[in-house]
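First the structure, in the form of structure tokens, and then the observations on it.
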Amino acid sequence: MLAIAILAAGKGTRMKSALPKVLQPLAGKPLIDRVLSSTQRLNPNHRLIIVGHQSKVVEESLQNYQDLEFVLQQPQNGTGHAIQQLIPKLKEFKGELLVLNGDVPLLKETTLSSLLKFHKESNASVTFLSANLDSPTGYGRVFANKSGLVKEIIEEKDCNYEQQQNKLINAGIYCFDWQQLSDVLNLLSNQNSQKEIYLTDTISLLRKSLHFEVDDPYEIKGINDRYQLYECEKHIQEKLKYFWMGKGVSFIDPISCTLSEDSFFGTDVIIEPQTHLRGKCIIGNGCHLGPGSLITNSTLADNVSAIHSIINEAMIGENVSIGPFAQIRPESNICKNSKIGNFVEIKKSFISEGTKVNHLSYVGDSTLGKNINIGAGTITANFDGKNKHRTIIGDYSKTGANSVLIAPIKIGSNVTIGAGSTISKDIPEKSLAVERSKTIIRTKRD
Ligand code: UD1
Ligand code: CA
């Protein structure tokens, strides 16, 4: 039997944030979600989340997980006190308890499997992850003999100068034999510099405590402050860009760009400076993104270009050119060979192939046919103050500069709207519609 407990009750004082530490985003995903995803395939019998500080906020953010059991720790008297809260919950439980720190987000599932395997094979009371760090500042130090048997863990704040020189650190990830742990949990005291009950003090009380050293120190990096958050972000970003460069994506200035882990790229994609991808994006072959574009949860077919533009929850067909300075808002679908030019906003609209919206337009709640030319400054007036209405324009139609189309409205195919017209009636196909006041010219008197 396997139970997993994630420590997520702490305040995260060093973060200096109104948001609980475990909800801080890293490459767009909260720390605790990252920790949870490393446990997904371990098939635990329990996944327990120990919450305390802003517990409601943390619980709410995890509502989409069906199997989580929340355990309240109130007040938060330290990591050992947090695990003491499991005693009533795991009364009948026999087996391993895997304890994860909610602020150690880069841990790999394979490392956890290896830890579990090693722990069981060595018949230990506890096995925990350790690492040898060049700069061990902030971590508890591990005092072990050559064969890996650990005498104790001393928190940095309780170490003397000599003990601080020890570079072997505790990663905060433990595999305990639950029965042996529960026998010693109530023996812990708070006689230390922080007046907290430390989980690390169980190590010297248990029969056989082992450590299991990880190869990649980044995997066990704990996040206590914003600098460490930045270091992990940088690490994820570097790895992602390195990976995609290997698959045929060019970055002109990778340091100025950020990617999400859920984005996928074809080959011969060029990413110019200051370009960012967030959420789930799929980018086709030959796309040219940026400089200065932000693309979120969108799919771009082959050979799309997007310069200085924002694309959010949209589908973009092949050979579409976007920008500079365009905004494509959610639920928009722009079909192949279309062009969305400068200072154009598209919202919740279907734009068929070959249609051009080249300059200074707002197209919202609209369905546009094929090969339409939307003149500069055309606006679909979709909001009557209460409700939103649709605009429909047929194939091959043209709107003159500064046309205003008052929705709901249907404009047939092959229609021309004269420049400056405000149209509030449906226009049948193959017609010209102009609505404009007469120009009056009078000679001035001297
Ligand atoms: C802890 C370890 C330290 C280790 C480091 C690894 C202890 C005493 N120390 O130190 O040896 O090197 O992690 O990153 O365990 N939490 C609770 N309830 C509490 C206090 C904390 O749930 O009462 C949670 C926090 O939300 C956090 C985790 O426990 O997710 C670790 O707490 P933190 O205060 O960050 O411990 P560290 O000082 O980093
Ligand atoms: Ca920590």
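We label chains A, B, ... in the order they appear in the structure tokens, count residues from 1 in each chain, and number ligands from 1 in the order shown.
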
- [ ] Would you list the residues that come within 10 Å of ligand 2? Count only C-alpha atoms and all ligand atoms and give the answer as a list in words.
- [x]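 Result of the 10 Å neighbour search around ligand 2: Leu7, Gly10, Gly12, Arg14, Lys21, Asn101, Gly102, Asp103, Val104, Gly138, Tyr139, Gly140, Ala171, Gly172, Lys221, Gly222, Ile223, Asn224 and Asp225 of chain A.
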
Restricting the output to N, CA, C and O atoms, write the selected residues as an mmCIF file, in the first residue's frame.
```
data_model
loop_
_atom_site.group_PDB
_atom_site.id
_atom_site.type_symbol
_atom_site.label_atom_id
_atom_site.label_comp_id
_atom_site.auth_asym_id
_atom_site.auth_seq_id
_atom_site.Cartn_x
_atom_site.Cartn_y
_atom_site.Cartn_z
ATOM 1 N N LEU A 7 3.089 18.335 1.548
ATOM 2 C CA LEU A 7 3.097 19.412 2.539
ATOM 3 C C LEU A 7 2.799 20.739 1.842
ATOM 4 O O LEU A 7 3.586 21.208 1.026
ATOM 5 N N GLY A 10 2.244 25.605 4.690
ATOM 6 C CA GLY A 10 3.081 26.733 5.107
ATOM 7 C C GLY A 10 2.668 28.034 4.433
ATOM 8 O O GLY A 10 2.002 28.054 3.395
ATOM 9 N N GLY A 12 4.844 30.439 3.406
ATOM 10 C CA GLY A 12 5.764 30.899 2.371
ATOM 11 C C GLY A 12 6.159 32.336 2.623
ATOM 12 O O GLY A 12 6.136 33.171 1.709
ATOM 13 N N ARG A 14 8.861 33.885 2.977
ATOM 14 C CA ARG A 14 9.964 34.474 2.208
ATOM 15 C C ARG A 14 9.545 34.902 0.806
ATOM 16 O O ARG A 14 10.240 35.621 0.117
ATOM 17 N N LYS A 21 2.269 30.047 -1.221
ATOM 18 C CA LYS A 21 3.471 29.684 -1.999
ATOM 19 C C LYS A 21 3.222 28.559 -2.993
ATOM 20 O O LYS A 21 3.664 28.640 -4.142
ATOM 21 N N ASN A 101 7.449 17.703 -0.496
ATOM 22 C CA ASN A 101 7.305 19.122 -0.170
ATOM 23 C C ASN A 101 6.551 19.807 -1.303
ATOM 24 O O ASN A 101 6.920 19.646 -2.472
ATOM 25 N N GLY A 102 5.549 20.576 -0.973
ATOM 26 C CA GLY A 102 4.778 21.279 -1.999
ATOM 27 C C GLY A 102 5.576 22.341 -2.733
ATOM 28 O O GLY A 102 5.138 22.866 -3.752
ATOM 29 N N ASP A 103 6.764 22.654 -2.250
ATOM 30 C CA ASP A 103 7.568 23.702 -2.886
ATOM 31 C C ASP A 103 8.815 23.152 -3.583
ATOM 32 O O ASP A 103 9.775 23.872 -3.796
ATOM 33 N N VAL A 104 8.766 21.856 -3.928
ATOM 34 C CA VAL A 104 9.881 21.252 -4.697
ATOM 35 C C VAL A 104 9.275 20.748 -6.016
ATOM 36 O O VAL A 104 8.807 19.627 -6.117
ATOM 37 N N GLY A 138 20.302 27.302 2.873
ATOM 38 C CA GLY A 138 18.851 27.213 3.029
ATOM 39 C C GLY A 138 18.340 25.802 3.289
ATOM 40 O O GLY A 138 17.204 25.644 3.721
ATOM 41 N N TYR A 139 19.144 24.800 3.004
ATOM 42 C CA TYR A 139 18.676 23.420 3.167
ATOM 43 C C TYR A 139 19.152 22.812 4.482
ATOM 44 O O TYR A 139 20.186 23.213 5.035
ATOM 45 N N GLY A 140 18.432 21.791 4.941
ATOM 46 C CA GLY A 140 18.886 20.997 6.073
ATOM 47 C C GLY A 140 20.074 20.140 5.633
ATOM 48 O O GLY A 140 20.113 19.665 4.502
ATOM 49 N N ALA A 171 16.483 16.932 0.573
ATOM 50 C CA ALA A 171 15.616 17.494 -0.464
ATOM 51 C C ALA A 171 14.184 17.667 0.020
ATOM 52 O O ALA A 171 13.358 18.278 -0.668
ATOM 53 N N GLY A 172 13.827 17.093 1.160
ATOM 54 C CA GLY A 172 12.460 17.227 1.664
ATOM 55 C C GLY A 172 11.502 16.223 1.041
ATOM 56 O O GLY A 172 10.285 16.421 1.091
ATOM 57 N N LYS A 221 15.292 21.123 -6.325
ATOM 58 C CA LYS A 221 15.395 22.504 -5.905
ATOM 59 C C LYS A 221 14.116 22.957 -5.183
ATOM 60 O O LYS A 221 13.017 22.844 -5.724
ATOM 61 N N GLY A 222 14.281 23.453 -3.974
ATOM 62 C CA GLY A 222 13.126 23.957 -3.219
ATOM 63 C C GLY A 222 12.951 25.439 -3.511
ATOM 64 O O GLY A 222 13.917 26.160 -3.749
ATOM 65 N N ILE A 223 11.683 25.871 -3.518
ATOM 66 C CA ILE A 223 11.423 27.284 -3.796
ATOM 67 C C ILE A 223 10.914 27.969 -2.535
ATOM 68 O O ILE A 223 9.809 27.683 -2.074
ATOM 69 N N ASN A 224 11.730 28.832 -1.992
ATOM 70 C CA ASN A 224 11.314 29.586 -0.809
ATOM 71 C C ASN A 224 11.100 31.061 -1.120
ATOM 72 O O ASN A 224 10.328 31.730 -0.461
ATOM 73 N N ASP A 225 11.816 31.566 -2.125
ATOM 74 C CA ASP A 225 11.688 32.991 -2.438
ATOM 75 C C ASP A 225 11.618 33.196 -3.949
ATOM 76 O O ASP A 225 11.707 32.254 -4.729
#
```

TODO: May I have the residues within 7 Å of Gln327 in chain A as a list in words, using only C-alpha atoms and disregarding those fewer than 4 positions away in the same chain?
DONE: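 The residues satisfying every condition are Ser309, Ile310, Ile311, Val344, Glu345 and Ile346 of chain A.
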
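Using only C-alpha atoms and all ligand atoms, the nearest neighbour of ligand 1 within the list A:Ser122, A:Thr79, A:Ser250, A:Ser38 is A:Thr79.
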
- [ ] Determine the nearest neighbour of Asn190 in chain A from the options A:Gly394, A:Gly52, A:Gly286, A:Gly80, counting only C-alpha atoms.
- [x] A:Gly80
